[in-house]
>>> print(open('structure_2.pdb').read())   # PDB, C-alpha atoms
ATOM      1  CA  MET A   1      55.485  94.250  14.791
ATOM      2  CA  SER A   2      53.204  97.292  15.160
ATOM      3  CA  VAL A   3      52.688  96.413  18.845
ATOM      4  CA  TRP A   4      56.458  96.373  19.289
ATOM      5  CA  ARG A   5      56.731  99.738  17.510
ATOM      6  CA  ALA A   6      53.938 101.253  19.633
ATOM      7  CA  GLY A   7      55.632  99.952  22.796
ATOM      8  CA  ALA A   8      58.953 101.422  21.716
ATOM      9  CA  ALA A   9      57.300 104.788  20.959
ATOM     10  CA  PHE A  10      55.578 104.710  24.372
ATOM     11  CA  GLY A  11      58.887 103.972  26.092
ATOM     12  CA  ARG A  12      60.657 106.688  24.114
ATOM     13  CA  PHE A  13      57.963 109.215  25.085
ATOM     14  CA  TRP A  14      58.483 108.513  28.795
ATOM     15  CA  TRP A  15      62.260 108.472  28.449
ATOM     16  CA  ASP A  16      62.187 111.912  26.774
ATOM     17  CA  PHE A  17      59.638 113.146  29.282
ATOM     18  CA  ILE A  18      61.478 112.133  32.454
ATOM     19  CA  ILE A  19      65.139 111.862  31.433
ATOM     20  CA  GLY A  20      65.379 113.977  28.249
ATOM     21  CA  ASP A  21      68.560 116.025  27.992
ATOM     22  CA  THR A  22      68.945 116.320  31.772
ATOM     23  CA  PRO A  23      69.708 112.797  33.030
ATOM     24  CA  GLU A  24      71.476 114.299  36.056
ATOM     25  CA  VAL A  25      68.153 115.720  37.297
ATOM     26  CA  ALA A  26      66.334 112.362  37.272
ATOM     27  CA  ALA A  27      69.325 110.567  38.825
ATOM     28  CA  GLY A  28      69.783 113.324  41.420
ATOM     29  CA  VAL A  29      66.117 113.232  42.456
ATOM     30  CA  ALA A  30      66.292 109.431  42.868
ATOM     31  CA  VAL A  31      69.388 109.788  45.099
ATOM     32  CA  ILE A  32      67.777 112.625  47.136
ATOM     33  CA  VAL A  33      64.542 110.688  47.783
ATOM     34  CA  VAL A  34      66.376 107.503  48.814
ATOM     35  CA  ALA A  35      68.732 109.529  51.044
ATOM     36  CA  ALA A  36      65.759 111.380  52.592
ATOM     37  CA  TRP A  37      64.112 108.045  53.377
ATOM     38  CA  LEU A  38      67.320 106.681  54.973
ATOM     39  CA  VAL A  39      67.818 109.832  57.074
ATOM     40  CA  ALA A  40      64.111 110.254  57.985
ATOM     41  CA  VAL A  41      63.987 106.734  59.434
ATOM     42  CA  ARG A  42      66.567 107.829  62.042
ATOM     43  CA  VAL A  43      66.228 111.630  62.475
ATOM     44  CA  SER A  44      63.253 113.209  60.683
ATOM     45  CA  THR A  45      64.261 116.782  61.638
ATOM     46  CA  LEU A  46      67.636 116.335  59.914
ATOM     47  CA  ALA A  47      65.842 115.235  56.718
ATOM     48  CA  VAL A  48      63.675 118.396  56.904
ATOM     49  CA  VAL A  49      66.835 120.505  56.561
ATOM     50  CA  LEU A  50      68.934 118.280  54.289
ATOM     51  CA  MET A  51      66.317 117.493  51.645
ATOM     52  CA  PRO A  52      65.638 121.078  50.462
ATOM     53  CA  LEU A  53      69.380 121.827  50.577
ATOM     54  CA  ALA A  54      70.077 118.789  48.401
ATOM     55  CA  VAL A  55      67.406 119.973  45.929
ATOM     56  CA  VAL A  56      69.056 123.415  45.818
ATOM     57  CA  ALA A  57      72.462 121.777  45.214
ATOM     58  CA  LEU A  58      70.988 119.709  42.374
ATOM     59  CA  LEU A  59      69.396 122.801  40.806
ATOM     60  CA  LEU A  60      72.691 124.715  41.031
ATOM     61  CA  SER A  61      74.768 121.908  39.533
ATOM     62  CA  SER A  62      72.291 121.174  36.725
ATOM     63  CA  THR A  63      71.940 124.875  35.828
ATOM     64  CA  TRP A  64      75.733 125.212  35.883
ATOM     65  CA  ARG A  65      75.972 122.233  33.505
ATOM     66  CA  GLY A  66      73.361 123.859  31.235
ATOM     67  CA  ARG A  67      75.277 127.149  31.308
ATOM     68  CA  ARG A  68      78.493 125.441  30.228
ATOM     69  CA  SER A  69      76.838 123.502  27.403
ATOM     70  CA  SER A  70      74.887 126.499  26.031
TER      71      SER A  70
ATOM     72  CA  MET B  71      43.828 126.670  51.941
ATOM     73  CA  ALA B  72      47.264 128.032  50.949
ATOM     74  CA  ALA B  73      48.126 124.667  49.405
ATOM     75  CA  THR B  74      44.862 124.597  47.441
ATOM     76  CA  ILE B  75      45.481 128.072  46.012
ATOM     77  CA  LEU B  76      49.069 127.140  45.097
ATOM     78  CA  ILE B  77      47.833 123.959  43.370
ATOM     79  CA  ALA B  78      45.220 125.875  41.350
ATOM     80  CA  LEU B  79      47.823 128.504  40.381
ATOM     81  CA  SER B  80      50.431 125.878  39.433
ATOM     82  CA  VAL B  81      48.032 123.947  37.204
ATOM     83  CA  PHE B  82      46.615 127.125  35.652
ATOM     84  CA  GLY B  83      50.115 128.503  34.923
ATOM     85  CA  ALA B  84      51.434 125.207  33.516
ATOM     86  CA  CYS B  85      48.334 124.855  31.388
ATOM     87  CA  VAL B  86      48.592 128.422  30.029
ATOM     88  CA  VAL B  87      52.227 127.808  28.969
ATOM     89  CA  GLU B  88      51.438 124.510  27.237
ATOM     90  CA  THR B  89      48.206 125.832  25.659
ATOM     91  CA  VAL B  90      50.067 128.796  24.148
ATOM     92  CA  GLU B  91      52.538 126.333  22.583
ATOM     93  CA  ALA B  92      49.753 124.043  21.313
ATOM     94  CA  LEU B  93      47.766 127.024  19.996
ATOM     95  CA  THR B  94      50.706 128.077  17.803
ATOM     96  CA  ILE B  95      50.676 124.663  16.093
ATOM     97  CA  VAL B  96      46.860 124.639  15.724
ATOM     98  CA  MET B  97      46.919 128.171  14.250
ATOM     99  CA  ALA B  98      49.603 127.189  11.743
ATOM    100  CA  ALA B  99      47.632 124.069  10.767
ATOM    101  CA  GLY B 100      44.367 126.039  10.590
ATOM    102  CA  PHE B 101      45.670 128.807   8.347
ATOM    103  CA  THR B 102      47.568 126.505   5.973
ATOM    104  CA  ARG B 103      45.500 123.280   5.912
ATOM    105  CA  GLY B 104      41.978 124.492   6.756
ATOM    106  CA  TRP B 105      40.208 125.131  10.061
ATOM    107  CA  ARG B 106      37.904 122.140   9.984
ATOM    108  CA  SER B 107      40.760 119.606  10.136
ATOM    109  CA  ALA B 108      42.786 121.646  12.625
ATOM    110  CA  LEU B 109      39.867 122.073  15.056
ATOM    111  CA  GLU B 110      38.781 118.442  14.696
ATOM    112  CA  GLY B 111      42.340 117.270  15.440
ATOM    113  CA  SER B 112      42.462 119.507  18.544
ATOM    114  CA  ALA B 113      39.046 118.344  19.753
ATOM    115  CA  VAL B 114      39.948 114.658  19.407
ATOM    116  CA  ALA B 115      43.246 115.248  21.253
ATOM    117  CA  LEU B 116      41.440 117.057  24.108
ATOM    118  CA  LEU B 117      38.955 114.178  24.305
ATOM    119  CA  CYS B 118      41.821 111.645  24.523
ATOM    120  CA  LEU B 119      43.482 113.700  27.295
ATOM    121  CA  ALA B 120      40.193 113.904  29.228
ATOM    122  CA  ILE B 121      39.838 110.103  28.954
ATOM    123  CA  VAL B 122      43.399 109.636  30.308
ATOM    124  CA  VAL B 123      42.587 111.849  33.346
ATOM    125  CA  ALA B 124      39.193 110.179  33.928
ATOM    126  CA  ALA B 125      40.644 106.675  33.630
ATOM    127  CA  LEU B 126      43.916 107.105  35.519
ATOM    128  CA  GLY B 127      42.753 109.489  38.263
ATOM    129  CA  PRO B 128      40.180 107.340  40.123
ATOM    130  CA  ALA B 129      42.171 104.129  39.453
ATOM    131  CA  LEU B 130      45.307 105.530  41.090
ATOM    132  CA  VAL B 131      43.336 106.889  44.076
ATOM    133  CA  HIS B 132      41.622 103.562  44.746
ATOM    134  CA  TYR B 133      44.447 101.105  44.194
ATOM    135  CA  VAL B 134      47.657 102.889  45.241
ATOM    136  CA  PRO B 135      48.364 103.711  48.941
ATOM    137  CA  LEU B 136      48.621 107.490  49.533
ATOM    138  CA  ASN B 137      52.220 107.345  50.824
ATOM    139  CA  VAL B 138      53.422 105.396  47.778
ATOM    140  CA  LEU B 139      51.470 107.750  45.505
ATOM    141  CA  ARG B 140      53.062 110.785  47.141
ATOM    142  CA  LEU B 141      56.550 109.282  46.921
ATOM    143  CA  VAL B 142      56.201 108.460  43.206
ATOM    144  CA  VAL B 143      54.282 111.542  42.060
ATOM    145  CA  GLY B 144      56.341 113.801  44.334
ATOM    146  CA  SER B 145      59.544 112.511  42.719
ATOM    147  CA  LEU B 146      58.024 112.950  39.258
ATOM    148  CA  LEU B 147      56.969 116.514  40.117
ATOM    149  CA  LEU B 148      60.448 117.251  41.437
ATOM    150  CA  VAL B 149      62.032 116.048  38.174
ATOM    151  CA  LEU B 150      59.549 118.000  36.013
ATOM    152  CA  GLY B 151      59.814 121.096  38.187
ATOM    153  CA  LEU B 152      63.618 121.112  38.164
ATOM    154  CA  GLN B 153      63.620 120.702  34.362
ATOM    155  CA  TRP B 154      61.197 123.649  33.941
ATOM    156  CA  LEU B 155      63.057 125.785  36.473
ATOM    157  CA  ARG B 156      66.495 125.066  34.976
ATOM    158  CA  LYS B 157      65.272 125.955  31.474
ATOM    159  CA  ALA B 158      63.535 129.142  32.687
ATOM    160  CA  LEU B 159      66.640 130.243  34.651
ATOM    161  CA  LEU B 160      68.936 129.720  31.638
ATOM    162  CA  ARG B 161      66.492 131.685  29.453
ATOM    163  CA  ALA B 162      66.056 134.482  32.001
ATOM    164  CA  SER B 163      69.820 134.908  32.336
ATOM    165  CA  GLY B 164      70.379 134.872  28.561
ATOM    166  CA  TYR B 165      72.195 131.543  28.266
ATOM    167  CA  LYS B 166      69.365 129.964  26.294
ATOM    168  CA  ALA B 167      67.201 131.511  23.574
ATOM    169  CA  LYS B 168      63.685 132.389  24.719
ATOM    170  CA  HIS B 169      60.751 130.417  23.345
ATOM    171  CA  ASP B 170      59.740 132.404  20.250
ATOM    172  CA  GLU B 171      56.145 131.615  19.268
ATOM    173  CA  ASP B 172      56.380 133.871  16.175
ATOM    174  CA  ALA B 173      59.418 131.981  14.849
ATOM    175  CA  ILE B 174      57.818 128.602  15.590
ATOM    176  CA  TYR B 175      54.626 129.743  13.842
ATOM    177  CA  ARG B 176      56.529 130.893  10.735
ATOM    178  CA  ARG B 177      58.475 127.609  10.596
ATOM    179  CA  GLU B 178      55.306 125.514  10.938
ATOM    180  CA  VAL B 179      53.458 127.540   8.267
ATOM    181  CA  GLU B 180      56.383 127.136   5.882
ATOM    182  CA  ARG B 181      56.589 123.397   6.521
ATOM    183  CA  LEU B 182      52.838 122.806   6.191
ATOM    184  CA  SER B 183      52.440 124.997   3.088
ATOM    185  CA  SER B 184      55.026 122.943   1.227
ATOM    186  CA  GLN B 185      53.052 119.705   1.662
ATOM    187  CA  PRO B 186      50.423 118.955  -1.038
ATOM    188  CA  ARG B 187      46.751 118.689  -0.049
ATOM    189  CA  THR B 188      44.977 115.355  -0.494
ATOM    190  CA  GLY B 189      41.426 115.831  -1.835
ATOM    191  CA  SER B 190      39.043 118.699  -1.164
ATOM    192  CA  GLY B 191      37.402 117.572   2.114
ATOM    193  CA  ARG B 192      39.110 116.837   5.450
ATOM    194  CA  ASP B 193      42.884 117.357   5.363
ATOM    195  CA  ALA B 194      44.754 114.492   7.018
ATOM    196  CA  THR B 195      47.971 116.488   7.535
ATOM    197  CA  GLY B 196      46.171 119.354   9.294
ATOM    198  CA  PHE B 197      44.271 116.903  11.482
ATOM    199  CA  VAL B 198      47.370 114.909  12.489
ATOM    200  CA  ILE B 199      49.547 117.984  13.117
ATOM    201  CA  SER B 200      46.868 119.564  15.325
ATOM    202  CA  PHE B 201      46.192 116.305  17.131
ATOM    203  CA  LYS B 202      49.883 115.663  17.845
ATOM    204  CA  GLY B 203      50.516 119.257  18.947
ATOM    205  CA  VAL B 204      47.610 119.357  21.372
ATOM    206  CA  PHE B 205      48.091 115.786  22.628
ATOM    207  CA  LEU B 206      51.838 116.016  23.279
ATOM    208  CA  GLU B 207      51.716 119.466  24.899
ATOM    209  CA  GLY B 208      48.625 118.342  26.817
ATOM    210  CA  MET B 209      50.256 115.181  28.204
ATOM    211  CA  GLU B 210      52.604 117.310  30.287
ATOM    212  CA  VAL B 211      49.603 119.169  31.702
ATOM    213  CA  VAL B 212      47.801 115.865  32.346
ATOM    214  CA  MET B 213      50.807 114.653  34.348
ATOM    215  CA  ILE B 214      50.812 117.871  36.381
ATOM    216  CA  VAL B 215      47.025 117.746  36.923
ATOM    217  CA  LEU B 216      47.162 114.111  38.014
ATOM    218  CA  THR B 217      50.203 114.412  40.253
ATOM    219  CA  LEU B 218      49.174 117.659  41.960
ATOM    220  CA  GLY B 219      45.482 116.745  42.085
ATOM    221  CA  LEU B 220      45.895 113.219  43.439
ATOM    222  CA  SER B 221      48.573 113.982  46.031
ATOM    223  CA  SER B 222      46.571 116.855  47.483
ATOM    224  CA  GLY B 223      43.178 115.169  47.168
ATOM    225  CA  HIS B 224      41.966 118.085  44.997
ATOM    226  CA  LEU B 225      41.763 116.465  41.558
ATOM    227  CA  GLU B 226      38.570 118.409  40.771
ATOM    228  CA  ILE B 227      40.214 121.775  41.512
ATOM    229  CA  ALA B 228      43.267 120.845  39.421
ATOM    230  CA  THR B 229      41.027 119.735  36.528
ATOM    231  CA  ILE B 230      38.916 122.907  36.710
ATOM    232  CA  ALA B 231      42.062 125.111  36.762
ATOM    233  CA  ALA B 232      43.424 123.270  33.693
ATOM    234  CA  ALA B 233      40.114 123.549  31.835
ATOM    235  CA  ALA B 234      39.888 127.271  32.698
ATOM    236  CA  ALA B 235      43.374 127.874  31.257
ATOM    237  CA  VAL B 236      42.584 125.963  28.034
ATOM    238  CA  ILE B 237      39.300 127.854  27.577
ATOM    239  CA  ALA B 238      40.894 131.245  28.348
ATOM    240  CA  VAL B 239      43.995 130.881  26.138
ATOM    241  CA  GLY B 240      42.245 128.884  23.381
ATOM    242  CA  GLY B 241      39.295 131.297  23.364
ATOM    243  CA  ILE B 242      41.475 134.413  23.185
ATOM    244  CA  GLY B 243      43.709 132.844  20.515
ATOM    245  CA  LEU B 244      40.806 131.815  18.313
ATOM    246  CA  ALA B 245      39.025 135.152  18.868
ATOM    247  CA  VAL B 246      42.013 137.224  17.789
ATOM    248  CA  ALA B 247      42.935 134.545  15.209
ATOM    249  CA  ARG B 248      46.656 134.512  15.918
ATOM    250  CA  GLN B 249      49.255 132.825  18.096
ATOM    251  CA  LEU B 250      49.795 134.467  21.493
ATOM    252  CA  SER B 251      53.426 135.560  21.456
ATOM    253  CA  GLU B 252      52.913 138.318  24.059
ATOM    254  CA  VAL B 253      52.206 135.880  26.904
ATOM    255  CA  PRO B 254      55.180 136.108  29.335
ATOM    256  CA  GLU B 255      55.869 132.427  28.870
ATOM    257  CA  ASN B 256      59.289 132.307  30.530
ATOM    258  CA  ALA B 257      58.177 134.155  33.668
ATOM    259  CA  MET B 258      55.212 131.790  33.952
ATOM    260  CA  LYS B 259      57.459 128.775  33.384
ATOM    261  CA  LEU B 260      59.768 130.001  36.142
ATOM    262  CA  GLY B 261      56.846 130.496  38.559
ATOM    263  CA  VAL B 262      55.311 127.117  37.778
ATOM    264  CA  GLY B 263      58.725 125.440  37.981
ATOM    265  CA  LEU B 264      59.198 126.905  41.476
ATOM    266  CA  MET B 265      55.815 125.595  42.597
ATOM    267  CA  LEU B 266      56.367 122.143  41.096
ATOM    268  CA  VAL B 267      59.749 121.856  42.859
ATOM    269  CA  THR B 268      58.091 122.995  46.105
ATOM    270  CA  PHE B 269      55.265 120.448  45.909
ATOM    271  CA  GLY B 270      57.656 117.781  44.646
ATOM    272  CA  THR B 271      59.987 118.234  47.631
ATOM    273  CA  PHE B 272      57.059 118.298  50.073
ATOM    274  CA  TRP B 273      55.269 115.189  48.830
ATOM    275  CA  SER B 274      58.265 113.022  47.956
ATOM    276  CA  GLY B 275      59.589 113.925  51.418
ATOM    277  CA  GLU B 276      56.299 112.933  53.076
ATOM    278  CA  GLY B 277      56.273 109.695  51.107
ATOM    279  CA  ALA B 278      59.838 108.999  52.285
ATOM    280  CA  GLY B 279      58.853 109.561  55.923
ATOM    281  CA  VAL B 280      59.875 113.214  56.403
ATOM    282  CA  ARG B 281      57.507 115.029  58.821
ATOM    283  CA  TRP B 282      57.446 118.701  57.763
ATOM    284  CA  PRO B 283      57.053 121.098  60.717
ATOM    285  CA  GLY B 284      53.896 123.215  60.405
ATOM    286  CA  SER B 285      52.475 120.735  57.866
ATOM    287  CA  ASP B 286      51.181 122.666  54.787
ATOM    288  CA  LEU B 287      52.836 125.896  55.992
ATOM    289  CA  ALA B 288      56.191 124.292  55.177
ATOM    290  CA  LEU B 289      55.185 124.711  51.512
ATOM    291  CA  LEU B 290      55.492 128.486  51.861
ATOM    292  CA  VAL B 291      58.936 128.167  53.483
ATOM    293  CA  LEU B 292      60.123 125.851  50.685
ATOM    294  CA  LEU B 293      58.681 128.196  48.038
ATOM    295  CA  ALA B 294      60.491 131.167  49.625
ATOM    296  CA  LEU B 295      63.777 129.217  49.763
ATOM    297  CA  TYR B 296      63.606 128.086  46.137
ATOM    298  CA  GLY B 297      62.380 131.515  45.021
ATOM    299  CA  GLY B 298      65.357 133.166  46.739
ATOM    300  CA  VAL B 299      67.818 130.729  45.159
ATOM    301  CA  ALA B 300      66.245 131.261  41.694
ATOM    302  CA  TRP B 301      66.486 135.043  42.093
ATOM    303  CA  LEU B 302      70.152 134.827  43.118
ATOM    304  CA  LEU B 303      70.878 132.463  40.220
ATOM    305  CA  VAL B 304      69.286 134.766  37.622
ATOM    306  CA  ARG B 305      71.249 137.729  39.018
ATOM    307  CA  GLY B 306      74.503 135.765  39.265
ATOM    308  CA  LEU B 307      74.240 134.155  35.835
ATOM    309  CA  GLY B 308      73.086 137.414  34.230
ATOM    310  CA  ARG B 309      76.093 139.208  35.680
ATOM    311  CA  SER B 310      78.590 136.556  34.605
ATOM    312  CA  ARG B 311      77.334 136.383  31.016
ATOM    313  CA  PRO B 312      78.620 139.796  29.795
ATOM    314  CA  THR B 313      81.977 138.995  31.434
ATOM    315  CA  VAL B 314      82.213 135.814  29.363
ATOM    316  CA  GLN B 315      81.328 137.724  26.179
ATOM    317  CA  ALA B 316      83.833 140.441  26.996
ATOM    318  CA  ALA B 317      86.459 137.823  27.668
ATOM    319  CA  GLU B 318      85.744 136.210  24.301
ATOM    320  CA  ALA B 319      85.876 139.549  22.526
ATOM    321  CA  SER B 320      89.186 140.564  24.004
TER     322      SER B 320
END
>>> encode(input="structure_2.pdb", output="structure tokens")
Amino acid sequence: MSVWRAGAAFGRFWWDFIIGDTPEVAAGVAVIVVAAWLVAVRVSTLAVVLMPLAVVALLLSSTWRGRRSS
Amino acid sequence: MAATILIALSVFGACVVETVEALTIVMAAGFTRGWRSALEGSAVALLCLAIVVAALGPALVHYVPLNVLRLVVGSLLLVLGLQWLRKALLRASGYKAKHDEDAIYRREVERLSSQPRTGSGRDATGFVISFKGVFLEGMEVVMIVLTLGLSSGHLEIATIAAAAAVIAVGGIGLAVARQLSEVPENAMKLGVGLMLVTFGTFWSGEGAGVRWPGSDLALLVLLALYGGVAWLLVRGLGRSRPTVQAAEAS
């Protein structure tokens, strides 16, 4: 039982650490990295431009969400 | 060289922010529950964190391919960096209350003073509160040290920068015997957030197969881009906030 509780606490720590109150950030980063991999396989130079722009878009949208909820 | 300096600065800045937060909890525990328990709890937590770095660092380097490591830790850095940056931007533009070490200290002292002491020797509450404060705040630093240190191949530099920050902030805090509320925590959080997002983009991109032109020099371009966007966001959000208040008042 205590092992189960320790495992649950460990999982909760990582959930709070990575997801926390900004699930859109974790999901957005996953989408950006997968998209960068798909684009880089074909045209690496396009990924060089698109990846930072996608990160900027994610930052803008997440900050906008935070602004609305605060 | 530029990347090494940025890594040392990122780790040092992140560590200063987290150490200031941990110091507030240790100070509250020390003044209310006794210094022996508070310092012992902090020392044990620091030892545990050092063991995590010593155990995980070499194991990850030896058993995980560099590209996979960069993809995973780069993504993790990007998530952490965006969370730090978002919070710092909302605080800088007034949409979120700034981290108030004085208020946190008062709250902790009040909470700890109300709990009865058990026996006259070591105080279990003071020990546990200090341990938890240092360990939890420290885990974030450990993640940053490991991810930045391993991806760049400069784990020693990252560890030294973290240790220097702990010694500097902890030493000053204990010497003046108070929490350090004057440290410009939000500005540091914003700077570190920018650097974490920069490294996160660079390494997760490399892990995904992106070939950055100019290699490490691309870091400076990314940092300038994100810095410019952050500056515009603070200005834009700061300008729109009074308008919202005025609209509500009218």
>>> closest_atom_pairs(input="structure_2.pdb", of="chain B", to="chain A", cutoff="7 Å", atoms="all atoms listed in the file", output="Markdown table")
| residue | atom | partner | partner_atom | distance |
| --- | --- | --- | --- | --- |
| B:Ser145 | CA | A:Val29 | CA | 6.6 |
| B:Val149 | CA | A:Ala26 | CA | 5.7 |
| B:Leu152 | CA | A:Leu59 | CA | 6.6 |
| B:Arg156 | CA | A:Thr63 | CA | 5.5 |
| B:Leu160 | CA | A:Arg67 | CA | 6.9 |
| B:Tyr165 | CA | A:Ser70 | CA | 6.1 |
| B:Lys166 | CA | A:Ser70 | CA | 6.5 |
| B:Thr271 | CA | A:Pro52 | CA | 6.9 |
| B:Ser274 | CA | A:Val33 | CA | 6.7 |
| B:Gly275 | CA | A:Ala36 | CA | 6.8 |
| B:Ala278 | CA | A:Trp37 | CA | 4.5 |
| B:Gly279 | CA | A:Ala40 | CA | 5.7 |
| B:Val280 | CA | A:Ala40 | CA | 5.4 |
| B:Arg281 | CA | A:Ser44 | CA | 6.3 |
| B:Trp282 | CA | A:Val48 | CA | 6.3 |
>>> resolve_selection(input="structure_2.pdb", expression="the PyMOL selection byres ((chain B and resi 107) around 9)", output="list in words")
Ala99, Gly100, Arg103, Gly104, Trp105, Arg106, Ala108, Leu109, Glu110, Gly111, Ser112, Gly191, Arg192, Asp193, Ala194, Thr195, Gly196, Phe197, Val198 and Ser200 of chain B
>>> resolve_selection(input="structure_2.pdb", expression="the PyMOL selection byres ((chain B and resi 164) around 12)", output="VMD selection string")
(chain A and resid 66 to 67 70) or (chain B and resid 157 to 163 165 to 169 256 303 to 312 314 to 315)
>>> resolve_selection(input="structure_2.pdb", expression="the PyMOL selection byres ((chain B and resi 118) around 12)", output="list in words")
Gly111, Ser112, Ala113, Val114, Ala115, Leu116, Leu117, Leu119, Ala120, Ile121, Val122, Val123, Ala124, Ala125, Phe201, Lys202, Val204, Phe205, Leu206, Gly208, Met209 and Val212 of chain B
>>> atom_distance(input="structure_2.pdb", atom1="atom CA of Gly219 of chain B", atom2="atom CA of Thr94 of chain B")
27.3 Å
>>> atom_distance(input="structure_2.pdb", atom1="atom CA of Glu210 of chain B", atom2="atom CA of Ala57 of chain A")
25.2 Å
>>> atom_distance(input="structure_2.pdb", atom1="atom CA of Glu178 of chain B", atom2="atom CA of Thr102 of chain B")
9.2 Å
>>> residues_around(input="structure_2.pdb", residues="Ala78 of chain B", least_positions_apart="6", cutoff="12 Å", atoms="all atoms listed in the file", output="list in words")
Met71, Ala72, Ala84, Cys85, Ile214, Val215, Leu218, Gly219, Ser222, His224, Leu225, Glu226, Ile227, Ala228, Thr229, Ile230, Ala231, Ala232, Ala233, Ala234, Ala235, Val262, Met265 and Leu266 of chain B
>>> closest_residue(input="structure_2.pdb", among="B:Val86, B:Leu147, B:Leu287, B:Ile199", to="Glu255 of chain B", atoms="all atoms listed in the file")
B:Val86
>>> build_atoms(input="structure_2.pdb", residues="segment 57-68 of chain A", atoms="N, CA, C and O atoms", output="short mmCIF file (atom, residue, chain, number, x, y, z; two decimals), keeping the file's coordinate frame")
data_model
loop_
_atom_site.label_atom_id
_atom_site.label_comp_id
_atom_site.auth_asym_id
_atom_site.auth_seq_id
_atom_site.Cartn_x
_atom_site.Cartn_y
_atom_site.Cartn_z
N ALA A 57 71.16 122.16 45.78
CA ALA A 57 72.46 121.78 45.21
C ALA A 57 72.29 121.15 43.83
O ALA A 57 73.07 121.44 42.91
N LEU A 58 71.24 120.34 43.67
CA LEU A 58 70.99 119.71 42.37
C LEU A 58 70.62 120.76 41.33
O LEU A 58 71.09 120.71 40.19
N LEU A 59 69.78 121.73 41.73
CA LEU A 59 69.40 122.80 40.81
C LEU A 59 70.62 123.60 40.37
O LEU A 59 70.80 123.90 39.18
N LEU A 60 71.48 123.93 41.34
CA LEU A 60 72.69 124.72 41.03
C LEU A 60 73.61 123.96 40.07
O LEU A 60 74.07 124.51 39.08
N SER A 61 73.83 122.67 40.36
CA SER A 61 74.77 121.91 39.53
C SER A 61 74.20 121.68 38.13
O SER A 61 74.93 121.76 37.13
N SER A 62 72.88 121.42 38.04
CA SER A 62 72.29 121.17 36.72
C SER A 62 72.26 122.46 35.89
O SER A 62 72.51 122.43 34.69
N THR A 63 71.95 123.60 36.55
CA THR A 63 71.94 124.88 35.83
C THR A 63 73.36 125.24 35.38
O THR A 63 73.57 125.74 34.28
N TRP A 64 74.34 124.95 36.23
CA TRP A 64 75.73 125.21 35.88
C TRP A 64 76.13 124.39 34.67
O TRP A 64 76.79 124.87 33.74
N ARG A 65 75.68 123.12 34.64
CA ARG A 65 75.97 122.23 33.51
C ARG A 65 75.32 122.80 32.23
O ARG A 65 75.93 122.80 31.16
N GLY A 66 74.07 123.28 32.38
CA GLY A 66 73.36 123.86 31.24
C GLY A 66 74.04 125.12 30.73
O GLY A 66 74.09 125.37 29.53
N ARG A 67 74.59 125.90 31.65
CA ARG A 67 75.28 127.15 31.31
C ARG A 67 76.55 126.85 30.51
O ARG A 67 76.86 127.53 29.53
N ARG A 68 77.25 125.81 30.91
CA ARG A 68 78.49 125.44 30.23
C ARG A 68 78.22 124.88 28.83
O ARG A 68 78.98 125.11 27.90
#
